[in-house]
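Student: My questions all concern the structure below.
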Amino acid sequence: MYAKYVYSAGATAANILSDLVAILTGETVVANLSASCDKPNTTILSTIPAGWTLHDASAGTNAKAIKAPLADDPTKFKYVVLDTNTAGYIQTKVYETWDATGHTGTNMAYNSNSPSASQQFSTTLAGTVHVFSSARFLLLASLYNGVWGSSTATGPSGCLERTRVCPWDTVTAGWPPFAFANLGNMATDGSGSYPPRLISRALATITGTNSAWTSYAGFLGTVSTMMSSFNAVDQKVPDDIGGSAIPFFPITWMNSTYMPAPYGEISSLCDIWALPQGVAANLDPIQKGGLDYLCIQASGTTKMYAVRKG
């Protein structure tokens with residue numbers, strides 16, 4: 001699912017929360033959104049189902065918990081509490097589990113409650129939130145008054161699921177294959193991805209600050225430096241009709257401190273890919289294999305991701 005959600009000047013935090021939760025849980029009719037929504041300028045494209053369901057409508061003041069099933073075990077879920085109660089910020093707090101009766105969660109992903117790593121909004125000025133989701137992920141990218149993304153790394157953020165590639169990482173073992181991620185930090189230095197819980201090479205459980213993954217685009221290093229010696233034209237590859245195309249690089253998560261191997265990658269599940277620097281502008285449409293994507297600015301003006309649109 002992709003939505004360009006536009007809210008009007010004077011929008012309320014409660015209405016913005018309500019609208020984002022509605023979109024992420026399958027609302028496709030713009031007219032059904034709140035009075036804060038600028039309906040003539042809001043669009044929802046639902047070729048791919050939004051993929052999330054409401055889990056706890058009372059997760060806190062201006063906070064609601066939603067969930068989506070894991071790719072390899074639909075009886076288990078990833079949980080996100082959307083929270084607009086901190087003035088000016090849309091937080092996507094990622095939890096390993098969430099109790100809808102007690103309204104509490106376990107193992108919140110580090111930094112997912114940090115306003116500076118979250119998306120921004122205004123209750124004074126009009127603004128836009130680009131919303132991408134499927135059952136595998138959700139990603140928000142905000143824009144108002146020329147301010148793009150989070151305040152620390154000017155990139156989108158949300159919850160992403162990864163593949164399982166290590167022998168110990170089975171459904172039965174129960175390690176959560178998802179994380180809070182700020183894609184701006186991921187593009188700048190490979191940081192910014194925090195699972196609720198991970199395992200070390202010594203089979204120790206790691207949570208909190210140290211539970212972090214480093215992002216790599218393929219085997220070439222982080223997206224911020226992988227092809228900096230090439231100009232934009234040289235970074236393209238031949239296509240099948242005599243022209244040139246922008247290559248898509250898969251994004252892998254690992255933590256060299258705790259595990260000398262990748263924990264998995266996000267691109268094949270979430271359909272989010274790293275692009276070479278300087279080959280596209282923010283919100284440029286791009287196609288791959290006949291599918292539509294949007295180029296999403298990660299950090300600065302040259303570092304981009306391609307995110308499936310629709």
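Residues are referred to by chain and number: the chain letter is A, B, ... according to the order shown in the structure tokens, the number counts from 1 in that chain, and ligands are numbered separately from 1 in the order shown.
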Which residues come within 7 Å of region 90-105 of chain A, counting only C-alpha atoms, excluding same-chain residues fewer than 2 positions away, as a list in words?

Tutor: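 Close residues of region 90-105 of chain A: His55, Asp56, Ala59, Lys78, Tyr79, Val80, Val81, Leu82, Asp83, Thr84, Asn107, Met108, Ala109, Ser112, Asn113, Pro115, Ser118, Gln119, Gln120, Phe121, Gly158, Cys159, Pro176, Ala179, Phe180 and Pro196 of chain A.
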
Student: Determine, counting only C-alpha atoms, which protein, DNA and RNA residues have an atom within 9 Å of an atom of Asn15 (chain A); residues of the same chain fewer than 2 positions away are not included. Present the result as a list of chain:residue names.

Tutor: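 Those residues are A:Ala11, A:Thr12, A:Ala13, A:Leu17, A:Ser18, A:Asp19, A:Leu20, A:Leu33, A:Ser34, A:Ala35, A:Ser36, A:Cys37.
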
Student: Please return, as a PyMOL selection string, all residues of region 38-111 of chain A that DSSP assigns to strand (DSSP E) on the basis of the backbone.

Tutor: chain A and resi 43-45+53-60+63-70+73-83+89-95+97-99+104-106

Student: Val307 (chain A): which residues within 7 Å, counting only C-alpha atoms, same-chain residues fewer than 5 positions away excluded, as a PyMOL selection string?

Tutor: chain A and resi 271-273+293-295

Student: Just write the chosen residues, N, CA and C atoms, as a PDB file, in the first residue's frame.

Tutor:
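File produced: again.pdb:
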```pdb
ATOM      1  N   ASP A 271      10.561  -5.218  -0.117  1.00  0.00           N
ATOM      2  CA  ASP A 271      10.671  -4.560  -1.426  1.00  0.00           C
ATOM      3  C   ASP A 271      11.186  -3.127  -1.270  1.00  0.00           C
ATOM      4  N   ILE A 272      12.250  -3.003  -0.460  1.00  0.00           N
ATOM      5  CA  ILE A 272      12.956  -1.740  -0.263  1.00  0.00           C
ATOM      6  C   ILE A 272      14.415  -1.981  -0.643  1.00  0.00           C
ATOM      7  N   TRP A 273      14.983  -1.127  -1.492  1.00  0.00           N
ATOM      8  CA  TRP A 273      16.295  -1.357  -2.060  1.00  0.00           C
ATOM      9  C   TRP A 273      17.149  -0.109  -1.975  1.00  0.00           C
ATOM     10  N   TYR A 293       7.945   1.897  -8.231  1.00  0.00           N
ATOM     11  CA  TYR A 293       8.608   2.270  -6.980  1.00  0.00           C
ATOM     12  C   TYR A 293       8.688   3.789  -6.898  1.00  0.00           C
ATOM     13  N   LEU A 294       8.913   4.289  -5.682  1.00  0.00           N
ATOM     14  CA  LEU A 294       9.252   5.696  -5.483  1.00  0.00           C
ATOM     15  C   LEU A 294      10.664   5.778  -4.921  1.00  0.00           C
ATOM     16  N   CYS A 295      11.432   6.738  -5.406  1.00  0.00           N
ATOM     17  CA  CYS A 295      12.734   7.029  -4.815  1.00  0.00           C
ATOM     18  C   CYS A 295      12.498   7.880  -3.578  1.00  0.00           C
TER      19      CYS A 295
END
```

Student: Extract, using only C-alpha atoms, all DNA, RNA and protein residues at most 8 Å from Ala126 (chain A), discarding same-chain residues fewer than 3 positions from it, and format them as a PyMOL selection string.

Tutor: chain A and resi 6-11+122-123+144-145

Student: Convert the current residue selection to file output with N, CA and C atoms, as an mmCIF file, in the first residue's frame.

Tutor:
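Printed below is selection_32.cif as written:
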```cif
data_model
loop_
_atom_site.group_PDB
_atom_site.id
_atom_site.type_symbol
_atom_site.label_atom_id
_atom_site.label_comp_id
_atom_site.auth_asym_id
_atom_site.auth_seq_id
_atom_site.Cartn_x
_atom_site.Cartn_y
_atom_site.Cartn_z
ATOM 1 N N VAL A 6 -2.198 13.905 3.174
ATOM 2 C CA VAL A 6 -2.002 15.347 3.354
ATOM 3 C C VAL A 6 -2.966 15.831 4.429
ATOM 4 N N TYR A 7 -2.418 16.521 5.421
ATOM 5 C CA TYR A 7 -3.280 17.073 6.471
ATOM 6 C C TYR A 7 -3.297 18.596 6.380
ATOM 7 N N SER A 8 -4.371 19.179 6.856
ATOM 8 C CA SER A 8 -4.584 20.613 6.743
ATOM 9 C C SER A 8 -3.940 21.366 7.894
ATOM 10 N N ALA A 9 -3.732 22.662 7.709
ATOM 11 C CA ALA A 9 -3.274 23.514 8.806
ATOM 12 C C ALA A 9 -4.280 23.435 9.949
ATOM 13 N N GLY A 10 -3.775 23.326 11.168
ATOM 14 C CA GLY A 10 -4.640 23.210 12.324
ATOM 15 C C GLY A 10 -5.086 21.788 12.626
ATOM 16 N N ALA A 11 -4.491 20.814 11.968
ATOM 17 C CA ALA A 11 -4.820 19.415 12.239
ATOM 18 C C ALA A 11 -4.511 19.062 13.689
ATOM 19 N N SER A 122 3.009 18.854 12.056
ATOM 20 C CA SER A 122 2.674 20.162 12.613
ATOM 21 C C SER A 122 1.182 20.240 12.870
ATOM 22 N N THR A 123 0.809 20.849 13.982
ATOM 23 C CA THR A 123 -0.598 21.140 14.227
ATOM 24 C C THR A 123 -0.925 22.574 13.853
ATOM 25 N N TYR A 144 6.794 18.811 5.931
ATOM 26 C CA TYR A 144 6.022 20.031 6.138
ATOM 27 C C TYR A 144 6.974 21.209 6.204
ATOM 28 N N ASN A 145 6.557 22.314 5.629
ATOM 29 C CA ASN A 145 7.344 23.546 5.633
ATOM 30 C C ASN A 145 8.783 23.303 5.163
#
```

Student: Enter the distance from CA of Trp52 (chain A) to CA of Thr28 (chain A), in Å, rounded to one decimal.

Tutor: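 Those two atoms sit 13.2 Å apart.
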
Student: Out of region 110-279 of chain A, which residues get alpha helix (DSSP H) from DSSP, as a list in words?

Tutor: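 So, restricting region 110-279 of chain A to alpha helix (DSSP H), we get Leu183, Gly184, Asn185, Met186, Ala187, Thr188, Asp189, Ser267, Ser268, Leu269 and Cys270 of chain A.
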
Student: Go through A:Asn255, A:Trp175, A:Tyr305, A:Ala181 one by one, measure the shortest atom-to-atom distance of each to Asn210 (chain A) using only C-alpha atoms, and give the residue with the smallest value.

Tutor: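 Result for the nearest residue to Asn210 (chain A): A:Asn255.
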
Student: Rank nothing, just name the residue among A:Ser215, A:Gln297, A:Ser267, A:Ser193 nearest to Asn111 (chain A), using only C-alpha atoms.

Tutor: A:Ser193

Student: Please provide the set of residues having any atom within 7 Å of Ile296 (chain A), restricted to only C-alpha atoms, with same-chain residues fewer than 2 positions apart removed, written as an MDAnalysis selection string.

Tutor: chainID A and resid 282:283 294 298 304:306

Student: Calculate how many Å separate CA of Gly289 (chain A) from CA of Trp213 (chain A), rounding to one decimal.

Tutor: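 Straight-line distance from CA of Gly289 (chain A) to CA of Trp213 (chain A) works out to 29.3 Å.
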
Student: Give me the residues near Val171 (chain A) as a PyMOL selection string, where near means some atom within 10 Å (using only C-alpha atoms) and where sequence neighbours in that chain fewer than 2 positions away do not count.

Tutor: chain A and resi 70+72-73+76+164+168-169+173-177

Student: So that I have them on file, write out the residues from the current selection with C-alpha atoms, as an mmCIF file, in the first residue's frame.

Tutor:
```
data_model
loop_
_atom_site.group_PDB
_atom_site.id
_atom_site.type_symbol
_atom_site.label_atom_id
_atom_site.label_comp_id
_atom_site.auth_asym_id
_atom_site.auth_seq_id
_atom_site.Cartn_x
_atom_site.Cartn_y
_atom_site.Cartn_z
ATOM 1 C CA LEU A 70 5.510 -12.679 10.422
ATOM 2 C CA ASP A 72 7.230 -17.505 8.107
ATOM 3 C CA ASP A 73 4.754 -17.867 10.980
ATOM 4 C CA LYS A 76 3.125 -14.615 15.467
ATOM 5 C CA ARG A 164 16.109 -15.674 8.420
ATOM 6 C CA TRP A 168 19.811 -21.111 14.775
ATOM 7 C CA ASP A 169 17.252 -18.556 13.571
ATOM 8 C CA ALA A 173 13.550 -20.546 18.358
ATOM 9 C CA GLY A 174 11.390 -17.440 18.270
ATOM 10 C CA TRP A 175 13.917 -14.654 17.639
ATOM 11 C CA PRO A 176 12.035 -11.585 16.350
ATOM 12 C CA PRO A 177 12.971 -11.030 12.677
#
```

Student: Write out as an MDAnalysis selection string the residues lying within 7 Å of Leu139 (chain A), counting only C-alpha atoms and excluding same-chain residues fewer than 5 positions away.

Tutor: chainID A and resid 131:133 156:159

Student: To one decimal in Å, tell me the separation between CA of Gly208 (chain A) and CA of Leu54 (chain A).

Tutor: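 That distance, rounded to one decimal, is 25.7 Å.
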
Student: Which one is closest to Ala261 (chain A): A:Ser142, A:Gln287, A:Ser150, A:Ser200? Count only C-alpha atoms.

Tutor: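 Closest to Ala261 (chain A), using only C-alpha atoms: A:Ser200.
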
Student: Can you work out which one of A:Tyr5, A:Trp253, A:Pro49, A:Ser191 has the shortest atom-to-atom distance to Arg136 (chain A), counting only C-alpha atoms?

Tutor: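 Residue with the minimum atom-to-atom distance to Arg136 (chain A): A:Pro49.
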